[in-house]
$ cat protein.txt   # compact mmCIF, C-alpha atoms
# COMPACT_ATOMS: atom_id res chain seq x y z
CA MET A 1 -22.91 -22.31 31.94
CA VAL A 2 -23.01 -18.79 30.58
CA SER A 3 -20.23 -17.41 32.78
CA PRO A 4 -17.36 -18.34 30.37
CA ALA A 5 -19.23 -16.63 27.56
CA ILE A 6 -19.84 -13.54 29.68
CA LEU A 7 -16.21 -13.47 30.79
CA LEU A 8 -14.96 -13.74 27.20
CA LEU A 9 -17.40 -11.07 26.10
CA ILE A 10 -16.18 -8.75 28.85
CA VAL A 11 -12.48 -9.36 28.14
CA PHE A 12 -12.60 -9.32 24.34
CA PHE A 13 -15.52 -7.02 23.62
CA PHE A 14 -16.64 -4.68 26.39
CA VAL A 15 -13.16 -3.79 27.69
CA PRO A 16 -11.65 -2.98 24.24
CA VAL A 17 -14.74 -1.06 23.14
CA GLY A 18 -14.84 0.82 26.45
CA LEU A 19 -11.13 1.63 26.19
CA CYS A 20 -11.55 2.73 22.59
CA PHE A 21 -14.45 4.96 23.60
CA ALA A 22 -12.49 6.49 26.49
CA LEU A 23 -9.29 6.99 24.48
CA ALA A 24 -11.18 8.79 21.70
CA PHE A 25 -11.70 11.74 24.06
CA THR A 26 -8.04 12.04 25.08
CA ASN A 27 -4.74 12.97 23.44
CA ALA A 28 -3.04 9.65 24.32
CA ARG A 29 -0.10 8.53 22.21
CA LEU A 30 1.37 5.04 21.95
CA ILE A 31 4.70 6.07 23.48
CA SER A 32 4.78 9.41 25.22
CA PRO A 33 6.38 10.77 28.41
CA GLU A 34 3.34 13.02 28.92
CA PRO A 35 0.25 11.57 30.60
CA ALA A 36 -2.91 11.51 28.50
CA LYS A 37 -5.32 14.43 28.93
CA VAL A 38 -9.03 14.63 28.21
CA ILE A 39 -9.55 16.92 25.23
CA GLY A 40 -13.28 16.48 24.61
CA PHE A 41 -14.46 16.22 21.00
CA GLU A 42 -11.23 17.58 19.48
CA ASN A 43 -10.36 14.24 17.84
CA PHE A 44 -13.84 14.03 16.29
CA THR A 45 -13.61 17.59 14.94
CA ARG A 46 -10.21 16.77 13.46
CA LEU A 47 -11.50 13.53 11.97
CA PHE A 48 -14.53 15.05 10.27
CA SER A 49 -12.40 17.85 8.79
CA ASP A 50 -9.74 15.42 7.55
CA PRO A 51 -10.05 14.97 3.76
CA LEU A 52 -8.12 11.69 3.97
CA PHE A 53 -10.79 10.23 6.25
CA TRP A 54 -13.55 11.09 3.77
CA LYS A 55 -11.47 9.68 0.92
CA SER A 56 -10.90 6.46 2.91
CA LEU A 57 -14.59 6.24 3.75
CA ARG A 58 -15.52 6.73 0.08
CA ASN A 59 -13.06 4.00 -0.99
CA THR A 60 -14.39 1.65 1.68
CA LEU A 61 -18.01 2.20 0.68
CA TYR A 62 -17.13 1.87 -3.02
CA PHE A 63 -15.43 -1.45 -2.27
CA ALA A 64 -18.43 -2.68 -0.25
CA VAL A 65 -21.03 -1.56 -2.79
CA VAL A 66 -19.26 -3.43 -5.60
CA VAL A 67 -18.00 -6.48 -3.74
CA VAL A 68 -21.09 -7.39 -1.67
CA PRO A 69 -23.52 -8.04 -4.56
CA LEU A 70 -20.88 -9.48 -6.91
CA GLN A 71 -19.39 -11.83 -4.35
CA SER A 72 -22.69 -13.03 -2.95
CA GLY A 73 -24.15 -13.52 -6.44
CA PHE A 74 -21.11 -15.34 -7.74
CA ALA A 75 -21.01 -17.48 -4.59
CA LEU A 76 -24.66 -18.44 -5.11
CA LEU A 77 -23.96 -19.42 -8.71
CA LEU A 78 -21.06 -21.59 -7.59
CA ALA A 79 -23.19 -23.15 -4.86
CA LEU A 80 -25.88 -24.02 -7.39
CA LEU A 81 -23.23 -25.56 -9.65
CA VAL A 82 -21.76 -27.73 -6.90
CA ASN A 83 -25.14 -28.63 -5.42
CA ALA A 84 -25.95 -30.78 -8.45
CA LYS A 85 -25.72 -34.54 -8.10
CA ILE A 86 -22.90 -35.10 -10.56
CA ARG A 87 -19.74 -37.14 -10.57
CA GLY A 88 -16.72 -35.37 -9.10
CA VAL A 89 -18.72 -32.75 -7.27
CA ASN A 90 -16.44 -32.95 -4.21
CA PHE A 91 -13.45 -32.25 -6.44
CA PHE A 92 -15.08 -29.06 -7.72
CA ARG A 93 -16.15 -27.99 -4.23
CA THR A 94 -12.64 -28.47 -2.92
CA LEU A 95 -10.95 -26.54 -5.69
CA TYR A 96 -13.37 -23.63 -5.49
CA PHE A 97 -12.68 -23.49 -1.77
CA VAL A 98 -8.86 -23.65 -2.00
CA PRO A 99 -8.28 -19.84 -2.19
CA VAL A 100 -10.17 -19.43 1.12
CA VAL A 101 -7.74 -21.73 2.90
CA THR A 102 -4.77 -19.86 1.46
CA SER A 103 -3.70 -16.96 3.63
CA ILE A 104 -4.92 -13.58 2.45
CA VAL A 105 -1.40 -12.15 2.79
CA VAL A 106 0.13 -14.95 0.71
CA VAL A 107 -2.60 -14.42 -1.86
CA SER A 108 -2.03 -10.66 -1.83
CA ILE A 109 1.70 -11.08 -2.41
CA LEU A 110 1.01 -13.52 -5.22
CA TRP A 111 -1.47 -11.18 -6.94
CA ARG A 112 0.82 -8.19 -6.46
CA PHE A 113 3.40 -10.15 -8.40
CA MET A 114 0.86 -11.11 -11.06
CA TYR A 115 -0.45 -7.52 -11.38
CA GLN A 116 2.99 -6.11 -12.29
CA PRO A 117 3.25 -4.43 -15.73
CA ASP A 118 5.17 -7.44 -17.07
CA GLY A 119 3.29 -9.87 -14.83
CA LEU A 120 1.11 -12.84 -15.52
CA VAL A 121 -2.20 -10.95 -15.75
CA ASN A 122 -0.99 -8.63 -18.51
CA ASN A 123 0.66 -11.50 -20.35
CA LEU A 124 -2.54 -13.55 -20.18
CA LEU A 125 -4.63 -10.61 -21.37
CA GLN A 126 -2.32 -10.04 -24.33
CA THR A 127 -2.23 -13.70 -25.23
CA LEU A 128 -5.98 -14.26 -24.96
CA SER A 129 -6.80 -11.08 -26.91
CA PHE A 130 -4.13 -11.69 -29.60
CA ASN A 131 -2.30 -8.52 -28.47
CA VAL A 132 -5.39 -6.32 -28.86
CA VAL A 133 -5.68 -5.59 -25.14
CA GLN A 134 -2.62 -4.04 -23.55
CA GLY A 135 -2.51 -4.33 -19.80
CA THR A 136 -1.72 -1.59 -17.35
CA ASP A 137 0.30 -1.18 -14.19
CA TRP A 138 -2.71 -2.32 -12.20
CA LEU A 139 -1.67 -1.39 -8.69
CA ASN A 140 -0.04 1.93 -9.61
CA ASN A 141 -2.86 3.15 -11.82
CA PRO A 142 -5.25 5.28 -9.69
CA THR A 143 -8.27 4.12 -11.70
CA ALA A 144 -7.41 0.43 -11.80
CA ALA A 145 -5.91 -0.17 -8.36
CA LEU A 146 -9.09 -0.58 -6.31
CA PRO A 147 -10.95 -2.63 -8.97
CA ALA A 148 -7.89 -4.90 -9.17
CA ILE A 149 -8.02 -5.41 -5.41
CA MET A 150 -11.79 -6.02 -5.62
CA PHE A 151 -11.27 -8.74 -8.22
CA MET A 152 -8.61 -10.43 -6.13
CA SER A 153 -10.72 -10.18 -2.97
CA ILE A 154 -13.74 -11.75 -4.64
CA TRP A 155 -11.58 -14.53 -6.06
CA GLN A 156 -10.16 -15.23 -2.62
CA ALA A 157 -13.34 -15.11 -0.51
CA VAL A 158 -16.10 -16.35 -2.80
CA GLY A 159 -15.50 -20.00 -1.89
CA PHE A 160 -16.35 -19.39 1.74
CA HIS A 161 -19.74 -17.94 0.93
CA MET A 162 -20.29 -20.69 -1.62
CA VAL A 163 -20.13 -23.15 1.29
CA ILE A 164 -22.63 -21.10 3.31
CA TRP A 165 -25.03 -20.91 0.34
CA LEU A 166 -24.54 -24.63 -0.20
CA SER A 167 -25.51 -25.42 3.38
CA GLY A 168 -28.63 -23.28 2.90
CA LEU A 169 -29.50 -25.04 -0.37
CA GLN A 170 -29.21 -28.44 1.30
CA THR A 171 -31.71 -27.52 3.99
CA ILE A 172 -34.47 -26.98 1.40
CA PRO A 173 -36.64 -30.11 1.37
CA GLY A 174 -36.50 -32.11 -1.86
CA GLU A 175 -40.28 -32.60 -1.73
CA LEU A 176 -40.76 -28.95 -2.60
CA TYR A 177 -38.84 -29.43 -5.84
CA GLU A 178 -40.77 -32.59 -6.63
CA ALA A 179 -44.07 -30.81 -6.01
CA SER A 180 -43.09 -27.86 -8.17
CA GLU A 181 -41.94 -30.23 -10.93
CA LEU A 182 -45.35 -31.93 -10.84
CA ASP A 183 -46.92 -28.49 -11.14
CA GLY A 184 -44.92 -27.99 -14.33
CA ALA A 185 -42.44 -25.44 -13.02
CA ASP A 186 -39.27 -24.98 -15.06
CA LYS A 187 -35.80 -24.49 -13.53
CA TRP A 188 -36.09 -20.72 -13.31
CA GLN A 189 -39.53 -20.91 -11.68
CA GLN A 190 -38.22 -23.48 -9.22
CA PHE A 191 -35.36 -21.17 -8.33
CA ARG A 192 -37.66 -18.18 -7.98
CA HIS A 193 -40.44 -19.80 -6.00
CA VAL A 194 -38.67 -22.58 -4.08
CA THR A 195 -34.94 -21.98 -3.81
CA TRP A 196 -34.87 -18.21 -3.27
CA PRO A 197 -37.53 -18.13 -0.52
CA GLY A 198 -35.87 -21.14 1.10
CA LEU A 199 -32.61 -19.24 1.34
CA LYS A 200 -33.99 -16.32 3.32
CA ALA A 201 -32.06 -16.97 6.54
CA THR A 202 -28.85 -17.80 4.65
CA ARG A 203 -29.26 -14.65 2.57
CA THR A 204 -29.38 -12.45 5.65
CA PHE A 205 -26.37 -14.14 7.19
CA ILE A 206 -24.34 -13.83 3.98
CA LEU A 207 -25.35 -10.23 3.39
CA VAL A 208 -24.30 -9.18 6.87
CA THR A 209 -21.02 -11.13 6.93
CA ILE A 210 -19.87 -10.02 3.46
CA THR A 211 -20.72 -6.41 4.26
CA ILE A 212 -18.78 -6.47 7.52
CA ALA A 213 -15.82 -8.17 5.81
CA ALA A 214 -15.90 -5.68 2.94
CA LEU A 215 -16.05 -2.69 5.25
CA SER A 216 -13.11 -4.10 7.24
CA LEU A 217 -10.82 -4.23 4.20
CA PHE A 218 -7.24 -4.04 5.42
CA ALA A 219 -4.83 -6.90 4.68
CA GLN A 220 -4.95 -6.61 0.89
CA ILE A 221 -4.35 -2.85 1.06
CA ASN A 222 -1.54 -3.21 3.57
CA VAL A 223 0.30 -5.75 1.43
CA MET A 224 -0.48 -4.60 -2.10
CA THR A 225 -0.69 -0.81 -2.21
CA GLN A 226 -0.20 0.74 1.25
CA GLY A 227 -3.16 2.98 0.47
CA GLY A 228 -1.71 4.31 -2.79
CA PRO A 229 -1.61 5.44 -5.52
CA LEU A 230 -2.76 8.94 -4.45
CA ASP A 231 -4.73 7.40 -1.53
CA ARG A 232 -7.08 5.78 -4.02
CA THR A 233 -7.02 2.51 -2.08
CA ALA A 234 -6.83 3.90 1.45
CA THR A 235 -9.59 2.47 3.64
CA VAL A 236 -10.90 3.38 7.08
CA VAL A 237 -9.33 0.40 8.85
CA PHE A 238 -6.04 0.88 7.04
CA GLN A 239 -6.14 4.54 8.06
CA ALA A 240 -6.77 3.60 11.71
CA VAL A 241 -3.81 1.19 11.73
CA ARG A 242 -1.52 3.65 9.93
CA VAL A 243 -2.38 6.44 12.35
CA GLY A 244 -2.37 4.25 15.45
CA TYR A 245 0.84 2.33 14.90
CA GLY A 246 2.72 4.24 12.19
CA GLN A 247 2.16 7.70 13.65
CA GLN A 248 1.58 6.41 17.21
CA GLU A 249 -1.54 8.54 17.65
CA THR A 250 -3.52 6.07 19.71
CA ALA A 251 -6.32 8.46 20.62
CA TYR A 252 -6.95 9.58 17.05
CA ALA A 253 -6.86 5.97 15.84
CA SER A 254 -9.40 5.11 18.56
CA THR A 255 -11.63 7.88 17.23
CA ILE A 256 -11.42 6.43 13.71
CA SER A 257 -12.15 2.95 15.08
CA LEU A 258 -15.12 4.19 17.09
CA VAL A 259 -16.66 5.98 14.11
CA PHE A 260 -16.03 2.89 11.98
CA PHE A 261 -17.65 0.66 14.62
CA LEU A 262 -20.75 2.86 14.62
CA LEU A 263 -20.82 2.80 10.83
CA VAL A 264 -20.66 -1.01 10.66
CA LEU A 265 -23.23 -1.33 13.43
CA THR A 266 -25.62 1.01 11.60
CA VAL A 267 -25.21 -0.79 8.28
CA SER A 268 -25.73 -4.19 9.94
CA LEU A 269 -28.84 -3.02 11.81
CA VAL A 270 -30.30 -1.52 8.64
CA GLN A 271 -29.63 -4.77 6.78
CA ARG A 272 -31.20 -6.79 9.60
CA TYR A 273 -34.23 -4.53 9.56
CA LEU A 274 -34.66 -4.74 5.78
CA THR A 275 -34.29 -8.52 5.73
CA ARG A 276 -36.39 -9.22 8.86
CA GLU A 277 -39.21 -11.75 8.98
CA LYS A 278 -42.36 -9.83 8.13
CA GLY A 279 -45.58 -10.68 9.97
CA MET B 1 -62.31 -41.41 -17.72
CA THR B 2 -61.15 -37.83 -17.79
CA VAL B 3 -57.69 -38.81 -16.59
CA ALA B 4 -57.36 -41.37 -19.34
CA THR B 5 -58.29 -38.76 -21.94
CA ILE B 6 -55.66 -36.37 -20.68
CA ASP B 7 -53.00 -39.07 -20.66
CA GLN B 8 -53.86 -40.16 -24.19
CA ALA B 9 -53.94 -36.61 -25.41
CA SER B 10 -50.65 -35.70 -23.86
CA ALA B 11 -48.83 -38.85 -24.90
CA PRO B 12 -48.07 -37.90 -28.52
CA THR B 13 -47.05 -34.36 -27.58
CA ARG B 14 -44.56 -35.79 -25.11
CA ALA B 15 -43.24 -38.31 -27.59
CA ILE B 16 -42.19 -35.73 -30.18
CA PRO B 17 -39.85 -33.66 -28.06
CA ALA B 18 -38.64 -36.79 -26.26
CA SER B 19 -36.57 -37.85 -29.25
CA GLY B 20 -35.36 -34.29 -29.69
CA THR B 21 -34.44 -33.82 -26.06
CA SER B 22 -32.67 -37.16 -25.72
CA ARG B 23 -29.45 -35.47 -26.81
CA ARG B 24 -30.12 -32.34 -24.73
CA PRO B 25 -29.45 -33.71 -21.25
CA GLY B 26 -26.13 -35.06 -22.47
CA MET B 27 -25.17 -31.75 -24.05
CA ARG B 28 -26.37 -29.85 -21.02
CA ARG B 29 -24.34 -32.08 -18.76
CA ALA B 30 -21.26 -31.65 -20.92
CA GLY B 31 -21.80 -27.89 -20.90
CA GLY B 32 -22.16 -27.95 -17.13
CA TYR B 33 -18.90 -29.86 -16.78
CA LEU B 34 -17.15 -27.42 -19.13
CA VAL B 35 -18.28 -24.45 -17.02
CA ARG B 36 -17.16 -26.17 -13.84
CA ILE B 37 -13.77 -27.05 -15.32
CA LEU B 38 -13.24 -23.48 -16.56
CA LEU B 39 -14.04 -22.28 -13.06
CA VAL B 40 -11.50 -24.73 -11.67
CA GLY B 41 -8.96 -23.06 -13.95
CA PHE B 42 -10.03 -19.63 -12.72
CA PHE B 43 -9.64 -20.59 -9.07
CA ALA B 44 -6.56 -22.73 -9.43
CA PHE B 45 -4.36 -20.85 -11.91
CA PRO B 46 -2.78 -18.39 -9.41
CA LEU B 47 -2.06 -21.23 -7.02
CA VAL B 48 -0.63 -23.47 -9.75
CA PHE B 49 1.50 -20.53 -10.88
CA MET B 50 2.65 -19.98 -7.28
CA PHE B 51 3.52 -23.64 -6.83
CA MET B 52 5.39 -23.90 -10.14
CA SER B 53 7.24 -20.65 -9.48
CA SER B 54 8.34 -21.98 -6.12
CA LEU B 55 10.26 -24.70 -7.99
CA LYS B 56 12.08 -22.28 -10.33
CA PRO B 57 14.87 -19.72 -9.95
CA ASP B 58 13.89 -16.01 -10.17
CA ASP B 59 15.16 -15.35 -13.69
CA GLN B 60 13.28 -18.33 -15.09
CA ILE B 61 10.01 -17.22 -13.50
CA PHE B 62 10.14 -13.94 -15.46
CA ALA B 63 11.31 -15.69 -18.62
CA ASP B 64 8.33 -18.08 -18.48
CA LEU B 65 5.67 -15.44 -17.79
CA ASP B 66 4.59 -14.96 -21.41
CA SER B 67 3.90 -18.62 -22.12
CA ILE B 68 2.19 -21.71 -20.80
CA ARG B 69 5.54 -22.64 -19.27
CA ALA B 70 4.58 -20.43 -16.30
CA PHE B 71 2.16 -23.20 -15.25
CA LEU B 72 4.39 -26.17 -16.02
CA PRO B 73 7.27 -27.73 -14.11
CA VAL B 74 9.79 -27.20 -16.93
CA GLY B 75 13.31 -25.80 -17.07
CA ASP B 76 15.59 -25.54 -14.09
CA ILE B 77 13.39 -27.28 -11.52
CA SER B 78 14.65 -27.76 -7.98
CA LEU B 79 13.66 -27.58 -4.33
CA SER B 80 16.31 -24.96 -3.57
CA ASN B 81 13.69 -22.31 -2.73
CA TYR B 82 12.28 -24.62 -0.07
CA THR B 83 15.64 -25.41 1.46
CA GLY B 84 16.38 -21.67 1.23
CA VAL B 85 13.42 -20.95 3.49
CA PHE B 86 14.92 -23.05 6.26
CA ASP B 87 18.37 -21.53 5.71
CA THR B 88 17.32 -17.88 5.79
CA VAL B 89 14.59 -17.76 8.45
CA PRO B 90 13.69 -19.95 11.44
CA ALA B 91 10.71 -21.42 9.59
CA ALA B 92 10.15 -24.26 12.05
CA ARG B 93 9.92 -21.78 14.92
CA PHE B 94 7.44 -19.64 12.93
CA LEU B 95 5.30 -22.69 12.26
CA ALA B 96 5.37 -23.75 15.91
CA ASN B 97 4.45 -20.21 17.00
CA SER B 98 1.57 -20.15 14.55
CA ILE B 99 0.19 -23.45 15.79
CA ALA B 100 0.64 -22.43 19.42
CA ILE B 101 -1.27 -19.20 18.84
CA SER B 102 -3.96 -20.69 16.62
CA TRP B 103 -4.73 -23.91 18.43
CA PRO B 104 -6.72 -22.50 21.36
CA THR B 105 -8.37 -19.78 19.29
CA PRO B 106 -11.39 -21.44 17.63
CA PHE B 107 -12.63 -23.41 20.64
CA PRO B 108 -13.79 -20.50 22.78
CA SER B 109 -15.65 -19.12 19.80
CA ILE B 110 -17.26 -22.48 19.04
CA CYS B 111 -18.22 -23.08 22.67
CA SER B 112 -19.24 -19.69 23.90
CA THR B 113 -20.29 -17.30 21.19
CA PRO B 114 -23.36 -16.98 19.02
CA ILE B 115 -21.26 -18.12 16.04
CA SER B 116 -21.92 -21.71 17.07
CA ARG B 117 -25.63 -21.06 16.78
CA ALA B 118 -25.24 -19.43 13.40
CA SER B 119 -23.05 -22.14 11.92
CA PRO B 120 -24.42 -23.95 8.86
CA ARG B 121 -26.93 -26.62 9.72
CA PRO B 122 -25.21 -29.66 8.13
CA TRP B 123 -22.16 -28.99 10.30
CA THR B 124 -24.10 -29.14 13.54
CA ARG B 125 -26.91 -31.52 12.67
CA ARG B 126 -25.06 -34.69 13.53
CA ARG B 127 -24.03 -35.28 17.10
CA GLY B 128 -20.29 -35.26 17.53
CA SER B 129 -19.58 -33.08 14.52
CA THR B 130 -18.50 -30.15 16.68
CA VAL B 131 -15.06 -31.60 17.39
CA PRO B 132 -14.21 -32.29 13.70
CA ALA B 133 -15.51 -28.83 12.84
CA GLY B 134 -13.33 -27.34 15.57
CA SER B 135 -10.30 -29.29 14.40
CA ALA B 136 -10.87 -28.22 10.80
CA SER B 137 -11.23 -24.59 11.74
CA THR B 138 -8.09 -24.85 13.84
CA ALA B 139 -6.17 -26.29 10.94
CA VAL B 140 -7.45 -23.58 8.63
CA SER B 141 -6.65 -20.81 11.06
CA SER B 142 -3.20 -22.30 11.66
CA CYS B 143 -2.49 -22.01 7.97
CA ARG B 144 -3.86 -18.51 7.79
CA TRP B 145 -2.37 -17.15 10.97
CA PRO B 146 1.32 -16.86 9.90
CA ALA B 147 0.38 -14.46 7.20
CA ARG B 148 -1.45 -12.13 9.54
CA ARG B 149 1.99 -10.94 10.46
CA SER B 150 2.45 -8.78 7.44
CA ARG B 151 5.25 -6.67 8.83
CA PRO B 152 8.89 -7.57 8.08
CA TRP B 153 10.49 -10.06 10.42
CA PRO B 154 12.69 -8.51 13.11
CA SER B 155 16.32 -9.22 12.39
$ encode --input "protein.txt" --output "structure tokens"
Amino acid sequence: MVSPAILLLIVFFFVPVGLCFALAFTNARLISPEPAKVIGFENFTRLFSDPLFWKSLRNTLYFAVVVVPLQSGFALLLALLVNAKIRGVNFFRTLYFVPVVTSIVVVSILWRFMYQPDGLVNNLLQTLSFNVVQGTDWLNNPTAALPAIMFMSIWQAVGFHMVIWLSGLQTIPGELYEASELDGADKWQQFRHVTWPGLKATRTFILVTITIAALSLFAQINVMTQGGPLDRTATVVFQAVRVGYGQQETAYASTISLVFFLLVLTVSLVQRYLTREKG
Amino acid sequence: MTVATIDQASAPTRAIPASGTSRRPGMRRAGGYLVRILLVGFFAFPLVFMFMSSLKPDDQIFADLDSIRAFLPVGDISLSNYTGVFDTVPAARFLANSIAISWPTPFPSICSTPISRASPRPWTRRRGSTVPAGSASTAVSSCRWPARRSRPWPS
């Protein structure tokens, strides 16, 4: 029974990771008449002395640090809103989920259009603020570009985590709420002492998945900014793809991917450790 | 005896706020609906804008940007952008390719990876819900897959 799973794991996990590990110690290029040679840790030395890598890493971590708490918090709020027994709740659930079903590239193209200096976002800002707030060229402003992408990413993905939170909320037994109501607990106390502890497993799952997704930021950058302006939106994955396919430096891209893999693994293990079942 | 005393003592204190709070649940419910409807606007407005823009010629899209007309099917409305898609690129072939690539993708992950164990409980609680879940995820990934190809089409 487990052999298909093992086969798939070997083909889609162990072989690529092993190849990535092996290539990181060579000078292989995507298309080259020369055979690849083993060059030891040269790629790693180059990577750690590359200012663009550190800039990409900083941007990636900045994105994750902002997006993970905001997106998970907003998703929980939405889940609480659509967990209520009210009329039309399925309508609200569906519409909050619609951006998730829409392709991230389609969404990125749409928001790139809306973020233009004379685009919809600036027009809305001016209209709603009675011309007090003047917009900016969001994606070409070094300060505003990454926050603009963060906003769009949260808008696009929050519905998915809303569904996960919702499934967690619906596994909490109703008797616990009834008992707490009899004890005189108000809504906030119910949330703090019943809902929040009941969401422990969901919380861990959401924290890990949002963090991995945030650290893997690529599509939005590739479509909207190509890493610009002034590399202020370059990320580690974008850098790996640009180097690997644009510059055809397969070995160096493998080095970036390997370091990124170790980074994600470390962050996930730390999160798992911090959110483990105690006792 | 003690219980009766407590009930009698608490009865008047409940009665006073009861008349005051009779309007509160209604107001709270209305407020809740307002928040939910505003959020619908927040999530839907880019998609409504996209849909309405797809019915308009380029120059009208920019002309409508500074007004509510950007979200309304007004002006020179037509399906020419949609017919244009089929004229300029082999859209049917792209769609078929996307479905062909996406269709087998979710099933191995549902059947053989730990994702199936980590999936939300209501989706797996009922027997037989795996196939609908697989079909839904296939449909979703079919829609999402075409856009993964973010590079320009080869001429």
$ closest_residue --input "protein.txt" --among "A:Val243, A:Val17, A:Val259, A:Ile6" --to "chain B" --atoms "only C-alpha atoms"
A:Ile6
$ interface_residues --input "protein.txt" --of "chain A" --to "chain B" --cutoff "7 Å" --atoms "all atoms listed in the file" --output "PyMOL selection string"
chain A and resi 4-5+92+95-96+101-103+105-106+110+119-120+123+164+167
$ residues_around --input "protein.txt" --residues "A:Gly159" --least-positions-apart "2" --cutoff "10 Å" --atoms "all atoms listed in the file" --output "JSON list (two decimals) with C-alpha atoms, keeping the file's coordinate frame"
[["chain", "number", "residue", "atom", "x", "y", "z"],
["A", 71, "GLN", "CA", -19.39, -11.83, -4.35],
["A", 74, "PHE", "CA", -21.11, -15.34, -7.74],
["A", 75, "ALA", "CA", -21.01, -17.48, -4.59],
["A", 76, "LEU", "CA", -24.66, -18.44, -5.11],
["A", 78, "LEU", "CA", -21.06, -21.59, -7.59],
["A", 79, "ALA", "CA", -23.19, -23.15, -4.86],
["A", 93, "ARG", "CA", -16.15, -27.99, -4.23],
["A", 94, "THR", "CA", -12.64, -28.47, -2.92],
["A", 95, "LEU", "CA", -10.95, -26.54, -5.69],
["A", 96, "TYR", "CA", -13.37, -23.63, -5.49],
["A", 97, "PHE", "CA", -12.68, -23.49, -1.77],
["A", 98, "VAL", "CA", -8.86, -23.65, -2.00],
["A", 99, "PRO", "CA", -8.28, -19.84, -2.19],
["A", 100, "VAL", "CA", -10.17, -19.43, 1.12],
["A", 101, "VAL", "CA", -7.74, -21.73, 2.90],
["A", 154, "ILE", "CA", -13.74, -11.75, -4.64],
["A", 155, "TRP", "CA", -11.58, -14.53, -6.06],
["A", 156, "GLN", "CA", -10.16, -15.23, -2.62],
["A", 157, "ALA", "CA", -13.34, -15.11, -0.51],
["A", 161, "HIS", "CA", -19.74, -17.94, 0.93],
["A", 162, "MET", "CA", -20.29, -20.69, -1.62],
["A", 163, "VAL", "CA", -20.13, -23.15, 1.29],
["A", 164, "ILE", "CA", -22.63, -21.10, 3.31],
["A", 165, "TRP", "CA", -25.03, -20.91, 0.34],
["B", 43, "PHE", "CA", -9.64, -20.59, -9.07]]
$ atom_distance --input "protein.txt" --atom1 "atom CA of A:Gly184" --atom2 "atom CA of A:Gly168"
24.2 Å
$ atom_distance --input "protein.txt" --atom1 "atom CA of A:Glu181" --atom2 "atom CA of A:Thr202"
23.8 Å
$ residues_around --input "protein.txt" --residues "A:Asn222" --least-positions-apart "6" --cutoff "10 Å" --atoms "all atoms listed in the file" --output "PyMOL selection string"
(chain A and resi 105+108+228+233-235+238+241-242) or (chain B and resi 150-151)
$ write_last_selection --input "protein.txt" --atoms "C-alpha atoms" --output "PDB file, keeping the file's coordinate frame"
ATOM      1  CA  VAL A 105      -1.400 -12.150   2.790  1.00  0.00           C
ATOM      2  CA  SER A 108      -2.030 -10.660  -1.830  1.00  0.00           C
ATOM      3  CA  GLY A 228      -1.710   4.310  -2.790  1.00  0.00           C
ATOM      4  CA  THR A 233      -7.020   2.510  -2.080  1.00  0.00           C
ATOM      5  CA  ALA A 234      -6.830   3.900   1.450  1.00  0.00           C
ATOM      6  CA  THR A 235      -9.590   2.470   3.640  1.00  0.00           C
ATOM      7  CA  PHE A 238      -6.040   0.880   7.040  1.00  0.00           C
ATOM      8  CA  VAL A 241      -3.810   1.190  11.730  1.00  0.00           C
ATOM      9  CA  ARG A 242      -1.520   3.650   9.930  1.00  0.00           C
TER      10      ARG A 242
ATOM     11  CA  SER B 150       2.450  -8.780   7.440  1.00  0.00           C
ATOM     12  CA  ARG B 151       5.250  -6.670   8.830  1.00  0.00           C
TER      13      ARG B 151
END
$ atom_distance --input "protein.txt" --atom1 "atom CA of A:Leu139" --atom2 "atom CA of A:Tyr115"
6.8 Å
$ closest_residue --input "protein.txt" --among "A:Cys20, A:Val158, A:Val11, A:Val132" --to "A:Val68" --atoms "all atoms listed in the file"
A:Val158
$ residues_around --input "protein.txt" --residues "stretch 209-218 of chain A" --least-positions-apart "6" --cutoff "10 Å" --atoms "all atoms listed in the file" --output "JSON, numbers by chain"
{"A": [57, 59, 60, 61, 62, 63, 64, 65, 66, 67, 68, 69, 71, 72, 150, 153, 154, 157, 158, 161, 203, 226, 227, 233, 234, 235, 236, 237, 238, 239, 240, 241, 260, 261, 263, 264, 265, 267, 268, 271]}
$ closest_residue --input "protein.txt" --among "A:Lys37, A:Tyr245, A:Ala251, A:Pro51" --to "A:Leu19" --atoms "all atoms listed in the file"
A:Ala251
